Amino acid sequence: MIRWLVGLIGLGLAATSALAADPVQIGVGYLGVAGTRSTLSLVEQPADNDGVAGARLAIEDNNTTGKFLNQRFTLEERRIREGEDPVEAAAALAEKNGFIIADLPADALLKVSDALRERSTLLFNAGAIDERLREADCRANVIHTAPTRAMLADALGQYLVWKQWKRWLLVVGSHDEDKLFADALRRTATRFGAKIVQERTFEDKGGARRTDSGVTLIQRQMPVFTQQAPAYDVLVAADESEVFGAYLPYRTWDPRPVAGSAGLVPRSWDAAQDQWGAIQMQNRFIKLNSRRMTPLDMQAWTAVRMIGEATSRTNSGDVKKVTDFIKGPDFSVAAFKGTKLTLRDWNLQLRQPILLVDGRMVVSVSPQEGFLHQVSELDTLGYDRPESKCKLK
Amino acid sequence: MLRMWRVGLLSGLALAAAPAHAFIAYVSNEKSNTVSVIDTDSWTVTKTIKVGQRPRGIDFTRDGKFVMVAVGDDDTIQVIDAKTQAIVDSLPSGPDPELFAQDAAGKILYVANENDNTVTVIDLEKRARLGDIQVGVEPEGMTISPDGKTLINTSETTNMAHFIDTSSRQIVANVLVDARPRFAEFKHDSSELWVSSEIGGTVSIIDPKKHEVTGKVTFEIPGLRKEAIQPVGIGMTRDDKTAFVALGPANRVAVVDVASRKVTKYLLVGQRVWHMAFTPDEKYLLTTNGVSNDVSVIDVAAQKVIKTIQVGELPWGITIAP
């Protein structure tokens, strides 16, 4: 009788304490660079909140789920200005946040990840597409939701080969990142049996991207620049620096399609993507941010959702527990791409389909049919396990 | 026989005048903005009804007199008169209705509104909105327990089955399942709730009393990559012995032995199969195949696909007259 009573009281206590318990707080930091770069096309000019807007939506999504699990997510944003130390900003964020979403250049990201090594903080690289961050410079505390240049190039290359556009005229910009994208495209051509019939370099001689009578000039320049090329099927442009790529479509000497940095572009996400239930998320995003969703927004959304997925599966806000689950074999996340996304355990890169878009529509989604793989067809995009130079430390 | 049936319709006679084994199936075509009407005697499309934009969830009213179809992009549920096969009304569903469930009496309708994380409750007789229930992100699957006391809603990004008390309209339990839960179905004896996870690739079996996942149905098709297996629609025979699970882009319907929770057979149907409905005599099971724009007819006893019927573009949901 007494035992029964004690049991009842105990039960009552447990029930009240469960009801009254404060929600588990899960802090997420967002570390980006202040200011935006300018693009050739005015409509592609990124908003000031590019990236963090996606993180904000995912925080809302996580909190909707979190209210059923007594978990609460918060977002703290930091932007570093030129000359500011990213490590200092990251350390300040890490005080309160176990997870940091980073949109930083490769070198800054490496500095931050090395500085945070002693802590349990988990970093998500949402912005940098550099191969080396997943290869020689990979880090055990950095998960990559941004695709790599090789993944983007392979996604485009598979489609061009499927389309039987196998002769490429490669035009490369004069900046380092243009050259890196060109390297990736050359690798793709070799892998999938396309032929680069000629390469040209478009020298950046400086100059403004906004001018009052620019079109007249460009209309004369681009045909001249592309004339006397050997026979080719498609012009592939490597212009991450936004110097000339967008000027090429409809202005080539020969009537040929343009792909790469302009024309048909490989991207992790697009505002036109509406398949696999994506329309719901696009609507939620527009409602929250009064603009359309970009690839960087999606890469940040996915990172925050990965955290939310792991906290709900583990029913825990403990950073170590959550990190182990994300890196473990049972982790996957749904991100409106028609298939579950998983991590490559050898370098912590998120496997993902890549969209091929023309600025208005999603033209296709890679991997293309017929590109087979023994583990996952998503691993036909980018460097595969046997080629990887990554040793996670 | 077909002409007789048509005459029956025209003169406004009840559908019961049709031959005993002929039933009428209504299929929502998401892309064409139409509903195809199929006669299960001749297995042909007898009529195509123009409806609102993006028709998906579709169901007969309990009395068999009307068909309700959720037209998400018009933010309403349209009502088709089964006699005249014309749209006669619309319901105040809330934004972007997708799937819905009605209570046993056919008086209350519960609608999943994907765009604002709510389930809307509608009084079917008064055509009035009674209230909203806040659920997880992107509510989709909807079903009611056989005793009518519990409403189940699945939320696709929250990855939960929410158990809602139909009298208090409060959530009483949330059960985490695999990624992107699309559809929920009770066993007729109420002992189990089956929830399909499209991205997770599994069907979770939940004990509705303990609110716990007690097992999972998994699928494996030789020669097919795992990512292509995306379970959506579930149909369970009245004796609770056999379940059919539509596997999306795997282009197959799995036949599952309910007791052992094991797949006994895979039936090849059309491309991207999502939803299904039994004929009332349970002789046939009809599935909607989105990408091939057709409906497959499965002979339930023989477990064989016997027929394919071309319908509109991207067929999504299906309902058959009681």
# chains A, B, ... in the order shown; residues from 1 in each chain; ligands from 1
>>> interface_residues(of="chain B", to="chain A", cutoff="9 Å", atoms="only C-alpha atoms", output="ChimeraX atom specification")
/B:114-117,135-138,157-160,173-174,176,179-180,198-200,225-228,230
>>> residues_around(residues="Asp240 (chain B)", least_positions_apart="3", cutoff="9 Å", atoms="only C-alpha atoms", output="PDB file with N, CA and C atoms, in the first residue's frame")
ATOM      1  N   LYS B 187      -4.612  -0.827 -39.254  1.00  0.00           N
ATOM      2  CA  LYS B 187      -5.191  -2.150 -39.462  1.00  0.00           C
ATOM      3  C   LYS B 187      -6.658  -2.039 -39.052  1.00  0.00           C
ATOM      4  N   HIS B 188      -7.516  -2.841 -39.667  1.00  0.00           N
ATOM      5  CA  HIS B 188      -8.944  -2.724 -39.367  1.00  0.00           C
ATOM      6  C   HIS B 188      -9.258  -3.062 -37.924  1.00  0.00           C
ATOM      7  N   ASP B 189      -8.408  -3.918 -37.293  1.00  0.00           N
ATOM      8  CA  ASP B 189      -8.648  -4.271 -35.890  1.00  0.00           C
ATOM      9  C   ASP B 189      -8.001  -3.266 -34.926  1.00  0.00           C
ATOM     10  N   MET B 236      -4.687  -2.004 -47.181  1.00  0.00           N
ATOM     11  CA  MET B 236      -4.719  -3.206 -46.354  1.00  0.00           C
ATOM     12  C   MET B 236      -6.024  -3.953 -46.575  1.00  0.00           C
ATOM     13  N   THR B 237      -5.959  -5.264 -46.794  1.00  0.00           N
ATOM     14  CA  THR B 237      -7.192  -6.022 -47.021  1.00  0.00           C
ATOM     15  C   THR B 237      -8.012  -6.049 -45.730  1.00  0.00           C
ATOM     16  N   ALA B 243      -1.016  -6.511 -46.946  1.00  0.00           N
ATOM     17  CA  ALA B 243      -0.924  -5.078 -47.214  1.00  0.00           C
ATOM     18  C   ALA B 243      -0.222  -4.872 -48.553  1.00  0.00           C
ATOM     19  N   VAL B 258       1.110  -9.267 -43.503  1.00  0.00           N
ATOM     20  CA  VAL B 258       0.989  -8.365 -42.362  1.00  0.00           C
ATOM     21  C   VAL B 258       1.520  -9.007 -41.074  1.00  0.00           C
ATOM     22  N   ALA B 259       1.259 -10.295 -40.894  1.00  0.00           N
ATOM     23  CA  ALA B 259       1.671 -10.954 -39.655  1.00  0.00           C
ATOM     24  C   ALA B 259       3.192 -10.972 -39.520  1.00  0.00           C
TER      25      ALA B 259
END
>>> residues_around(residues="region 204-206 of chain B", least_positions_apart="4", cutoff="6 Å", atoms="only C-alpha atoms", output="list of chain:residue names")
B:Glu192, B:Leu193, B:Trp194, B:Val195, B:Glu212, B:Val213, B:Thr214, B:Gly215, B:Lys216
>>> residues_around(residues="Ser197 (chain B)", least_positions_apart="5", cutoff="7 Å", atoms="only C-alpha atoms", output="list of chain:residue names")
B:Asp178, B:Ala179, B:Arg180, B:Pro181, B:Arg182, B:Thr202, B:Val203, B:Pro231, B:Val232
>>> atom_distance(atom1="CA of Ala101 (chain B)", atom2="CA of Tyr266 (chain B)")
28.2 Å
>>> residues_around(residues="region 184-189 of chain A", least_positions_apart="2", cutoff="9 Å", atoms="only C-alpha atoms", output="PyMOL selection string")
chain A and resi 149-158+161+166+168+170+179-182+191-196+236+238+260+382
>>> write_last_selection(atoms="C-alpha atoms", output="short mmCIF file (atom, residue, chain, number, x, y, z; two decimals), in the first residue's frame")
data_model
loop_
_atom_site.label_atom_id
_atom_site.label_comp_id
_atom_site.auth_asym_id
_atom_site.auth_seq_id
_atom_site.Cartn_x
_atom_site.Cartn_y
_atom_site.Cartn_z
CA ARG A 149 33.51 22.24 -58.20
CA ALA A 150 34.07 18.67 -59.38
CA MET A 151 30.51 17.70 -58.39
CA LEU A 152 29.12 20.70 -60.28
CA ALA A 153 31.31 20.05 -63.33
CA ASP A 154 30.44 16.33 -63.38
CA ALA A 155 26.73 17.10 -63.10
CA LEU A 156 26.93 19.38 -66.12
CA GLY A 157 29.24 17.04 -68.03
CA GLN A 158 26.92 14.04 -67.59
CA VAL A 161 27.40 13.84 -72.83
CA LYS A 166 30.64 16.05 -76.70
CA TRP A 168 33.40 21.54 -75.97
CA LEU A 170 36.26 25.87 -73.11
CA LYS A 179 41.06 28.24 -63.38
CA LEU A 180 39.98 25.83 -60.65
CA PHE A 181 36.57 25.42 -62.26
CA ALA A 182 38.31 24.87 -65.62
CA ARG A 191 35.95 10.99 -67.20
CA PHE A 192 32.86 11.04 -69.36
CA GLY A 193 34.37 11.03 -72.84
CA ALA A 194 33.87 14.62 -73.96
CA LYS A 195 36.53 16.43 -75.98
CA ILE A 196 37.72 19.96 -75.33
CA VAL A 236 31.57 25.79 -71.77
CA ALA A 238 34.50 28.89 -66.51
CA GLY A 260 29.03 26.24 -67.25
CA GLY A 382 32.88 14.52 -57.80
#
>>> closest_residue(among="A:Ser268, A:Thr148, A:Thr201, A:Thr252", to="Asp239 (chain A)", atoms="only C-alpha atoms")
A:Thr201
>>> select_by_dssp(residues="region 82-186 of chain B", states="strand (DSSP E or B)", output="number ranges by chain")
B: 86-91, 97-102, 108-113, 118-123, 128-134, 139-144, 150-155, 160-165, 170-176, 181-186
>>> write_last_selection(atoms="C-alpha atoms", output="PDB file, in the first residue's frame")
ATOM      1  CA  ALA B  86     -20.269  18.124 -62.301  1.00  0.00           C
ATOM      2  CA  ILE B  87     -18.682  20.347 -59.660  1.00  0.00           C
ATOM      3  CA  VAL B  88     -21.437  21.558 -57.359  1.00  0.00           C
ATOM      4  CA  ASP B  89     -19.657  23.085 -54.375  1.00  0.00           C
ATOM      5  CA  SER B  90     -16.374  23.873 -52.668  1.00  0.00           C
ATOM      6  CA  LEU B  91     -15.210  23.630 -49.058  1.00  0.00           C
ATOM      7  CA  PRO B  97      -5.007  21.333 -49.110  1.00  0.00           C
ATOM      8  CA  GLU B  98      -3.410  18.044 -50.110  1.00  0.00           C
ATOM      9  CA  LEU B  99      -4.830  15.014 -48.306  1.00  0.00           C
ATOM     10  CA  PHE B 100      -7.840  14.749 -46.027  1.00  0.00           C
ATOM     11  CA  ALA B 101      -9.754  12.260 -43.887  1.00  0.00           C
ATOM     12  CA  GLN B 102     -13.379  12.133 -42.793  1.00  0.00           C
ATOM     13  CA  ILE B 108     -16.333  16.076 -40.040  1.00  0.00           C
ATOM     14  CA  LEU B 109     -13.502  16.491 -42.520  1.00  0.00           C
ATOM     15  CA  TYR B 110      -9.873  16.898 -41.471  1.00  0.00           C
ATOM     16  CA  VAL B 111      -7.610  18.515 -44.078  1.00  0.00           C
ATOM     17  CA  ALA B 112      -3.788  18.640 -44.188  1.00  0.00           C
ATOM     18  CA  ASN B 113      -2.665  22.104 -45.266  1.00  0.00           C
ATOM     19  CA  THR B 118      -2.013  23.019 -39.810  1.00  0.00           C
ATOM     20  CA  VAL B 119      -4.808  20.512 -40.001  1.00  0.00           C
ATOM     21  CA  THR B 120      -8.126  22.244 -40.724  1.00  0.00           C
ATOM     22  CA  VAL B 121     -11.356  20.823 -39.283  1.00  0.00           C
ATOM     23  CA  ILE B 122     -14.463  21.270 -41.433  1.00  0.00           C
ATOM     24  CA  ASP B 123     -18.134  20.602 -40.691  1.00  0.00           C
ATOM     25  CA  ALA B 128     -18.034  25.620 -42.200  1.00  0.00           C
ATOM     26  CA  ARG B 129     -14.511  25.685 -40.807  1.00  0.00           C
ATOM     27  CA  LEU B 130     -14.524  24.595 -37.171  1.00  0.00           C
ATOM     28  CA  GLY B 131     -10.887  25.241 -36.343  1.00  0.00           C
ATOM     29  CA  ASP B 132      -7.232  24.447 -36.956  1.00  0.00           C
ATOM     30  CA  ILE B 133      -4.752  22.153 -35.246  1.00  0.00           C
ATOM     31  CA  GLN B 134      -1.056  23.099 -35.315  1.00  0.00           C
ATOM     32  CA  PRO B 139       1.428  17.932 -42.923  1.00  0.00           C
ATOM     33  CA  GLU B 140       0.421  15.258 -45.433  1.00  0.00           C
ATOM     34  CA  GLY B 141      -0.832  11.788 -44.490  1.00  0.00           C
ATOM     35  CA  MET B 142      -4.251  11.697 -42.775  1.00  0.00           C
ATOM     36  CA  THR B 143      -6.270   8.845 -41.344  1.00  0.00           C
ATOM     37  CA  ILE B 144      -8.717   8.172 -38.506  1.00  0.00           C
ATOM     38  CA  THR B 150      -7.829   9.344 -32.936  1.00  0.00           C
ATOM     39  CA  LEU B 151      -6.823  11.325 -35.974  1.00  0.00           C
ATOM     40  CA  ILE B 152      -3.393  10.652 -37.398  1.00  0.00           C
ATOM     41  CA  ASN B 153      -1.463  13.256 -39.329  1.00  0.00           C
ATOM     42  CA  THR B 154       2.050  12.785 -40.704  1.00  0.00           C
ATOM     43  CA  SER B 155       4.339  15.768 -41.246  1.00  0.00           C
ATOM     44  CA  MET B 160       6.406  12.437 -37.205  1.00  0.00           C
ATOM     45  CA  ALA B 161       3.027  10.803 -36.935  1.00  0.00           C
ATOM     46  CA  HIS B 162       0.911  13.099 -34.755  1.00  0.00           C
ATOM     47  CA  PHE B 163      -1.839  11.431 -32.715  1.00  0.00           C
ATOM     48  CA  ILE B 164      -4.730  13.865 -32.311  1.00  0.00           C
ATOM     49  CA  ASP B 165      -7.698  13.318 -29.973  1.00  0.00           C
ATOM     50  CA  GLN B 170      -5.339  18.252 -29.086  1.00  0.00           C
ATOM     51  CA  ILE B 171      -2.185  16.372 -29.985  1.00  0.00           C
ATOM     52  CA  VAL B 172      -1.769  13.544 -27.500  1.00  0.00           C
ATOM     53  CA  ALA B 173       1.387  11.922 -28.865  1.00  0.00           C
ATOM     54  CA  ASN B 174       4.048  12.350 -31.516  1.00  0.00           C
ATOM     55  CA  VAL B 175       5.914   9.378 -32.910  1.00  0.00           C
ATOM     56  CA  LEU B 176       9.123   9.872 -34.845  1.00  0.00           C
ATOM     57  CA  PRO B 181       6.227  10.274 -43.920  1.00  0.00           C
ATOM     58  CA  ARG B 182       3.600  10.355 -46.673  1.00  0.00           C
ATOM     59  CA  PHE B 183       0.712   8.071 -45.760  1.00  0.00           C
ATOM     60  CA  ALA B 184      -0.845   6.449 -42.700  1.00  0.00           C
ATOM     61  CA  GLU B 185      -3.191   3.449 -42.508  1.00  0.00           C
ATOM     62  CA  PHE B 186      -4.683   1.569 -39.554  1.00  0.00           C
TER      63      PHE B 186
END
>>> residues_around(residues="Leu392 (chain A)", least_positions_apart="2", cutoff="12 Å", atoms="only C-alpha atoms", output="ChimeraX atom specification")
/A:133-143,327,344-349,388-390
>>> write_last_selection(atoms="N, CA and C atoms", output="CSV table (one decimal), in the first residue's frame")
chain,number,residue,atom,x,y,z
A,133,LEU,N,39.3,21.5,-49.7
A,133,LEU,CA,38.7,21.4,-48.3
A,133,LEU,C,38.2,20.0,-48.1
A,134,ARG,N,37.9,19.2,-49.1
A,134,ARG,CA,37.4,17.8,-49.0
A,134,ARG,C,38.6,16.9,-49.3
A,135,GLU,N,39.7,17.4,-49.7
A,135,GLU,CA,40.8,16.5,-50.1
A,135,GLU,C,42.0,16.7,-49.2
A,136,ALA,N,43.1,17.2,-49.7
A,136,ALA,CA,44.3,17.4,-48.8
A,136,ALA,C,44.0,18.2,-47.5
A,137,ASP,N,43.1,19.2,-47.6
A,137,ASP,CA,42.9,20.0,-46.4
A,137,ASP,C,41.6,19.7,-45.7
A,138,CYS,N,41.1,18.4,-45.8
A,138,CYS,CA,39.9,18.1,-45.1
A,138,CYS,C,40.1,18.1,-43.6
A,139,ARG,N,39.0,18.3,-42.9
A,139,ARG,CA,39.1,18.4,-41.4
A,139,ARG,C,37.9,17.6,-40.8
A,140,ALA,N,38.2,17.0,-39.7
A,140,ALA,CA,37.2,16.1,-39.0
A,140,ALA,C,36.1,16.9,-38.4
A,141,ASN,N,36.3,18.2,-38.2
A,141,ASN,CA,35.2,19.0,-37.5
A,141,ASN,C,34.4,19.9,-38.6
A,142,VAL,N,34.6,19.6,-39.9
A,142,VAL,CA,33.9,20.3,-40.9
A,142,VAL,C,33.1,19.4,-41.8
A,143,ILE,N,31.8,19.7,-41.8
A,143,ILE,CA,30.8,19.0,-42.7
A,143,ILE,C,30.5,19.9,-43.8
A,327,LYS,N,27.7,11.9,-38.2
A,327,LYS,CA,28.8,11.2,-38.9
A,327,LYS,C,28.6,9.7,-39.0
A,344,ARG,N,29.4,11.5,-47.3
A,344,ARG,CA,30.6,10.6,-47.7
A,344,ARG,C,31.4,10.5,-46.4
A,345,ASP,N,31.5,9.3,-45.9
A,345,ASP,CA,32.2,9.2,-44.6
A,345,ASP,C,33.7,9.4,-44.6
A,346,TRP,N,34.2,9.4,-45.9
A,346,TRP,CA,35.7,9.6,-46.0
A,346,TRP,C,36.1,11.1,-46.0
A,347,ASN,N,35.2,12.0,-46.3
A,347,ASN,CA,35.6,13.4,-46.2
A,347,ASN,C,34.4,14.3,-45.7
A,348,LEU,N,33.3,13.7,-45.3
A,348,LEU,CA,32.2,14.5,-44.7
A,348,LEU,C,31.5,15.4,-45.7
A,349,GLN,N,31.6,15.1,-47.0
A,349,GLN,CA,30.9,15.8,-48.0
A,349,GLN,C,29.5,15.3,-48.1
A,388,SER,N,40.2,9.7,-53.3
A,388,SER,CA,40.3,10.7,-52.3
A,388,SER,C,41.6,10.8,-51.6
A,389,LYS,N,42.1,12.0,-51.4
A,389,LYS,CA,43.4,12.2,-50.6
A,389,LYS,C,43.1,12.6,-49.2
A,390,CYS,N,41.8,12.6,-48.8
A,390,CYS,CA,41.5,13.1,-47.5
A,390,CYS,C,41.8,12.1,-46.4
>>> closest_residue(among="A:Glu131, A:Glu118, A:Glu82, A:Asp297", to="Tyr30 (chain A)", atoms="only C-alpha atoms")
A:Asp297
>>> closest_residue(among="B:Ile234, B:Val273, B:Val297, B:Val311", to="Thr46 (chain B)", atoms="only C-alpha atoms")
B:Val311
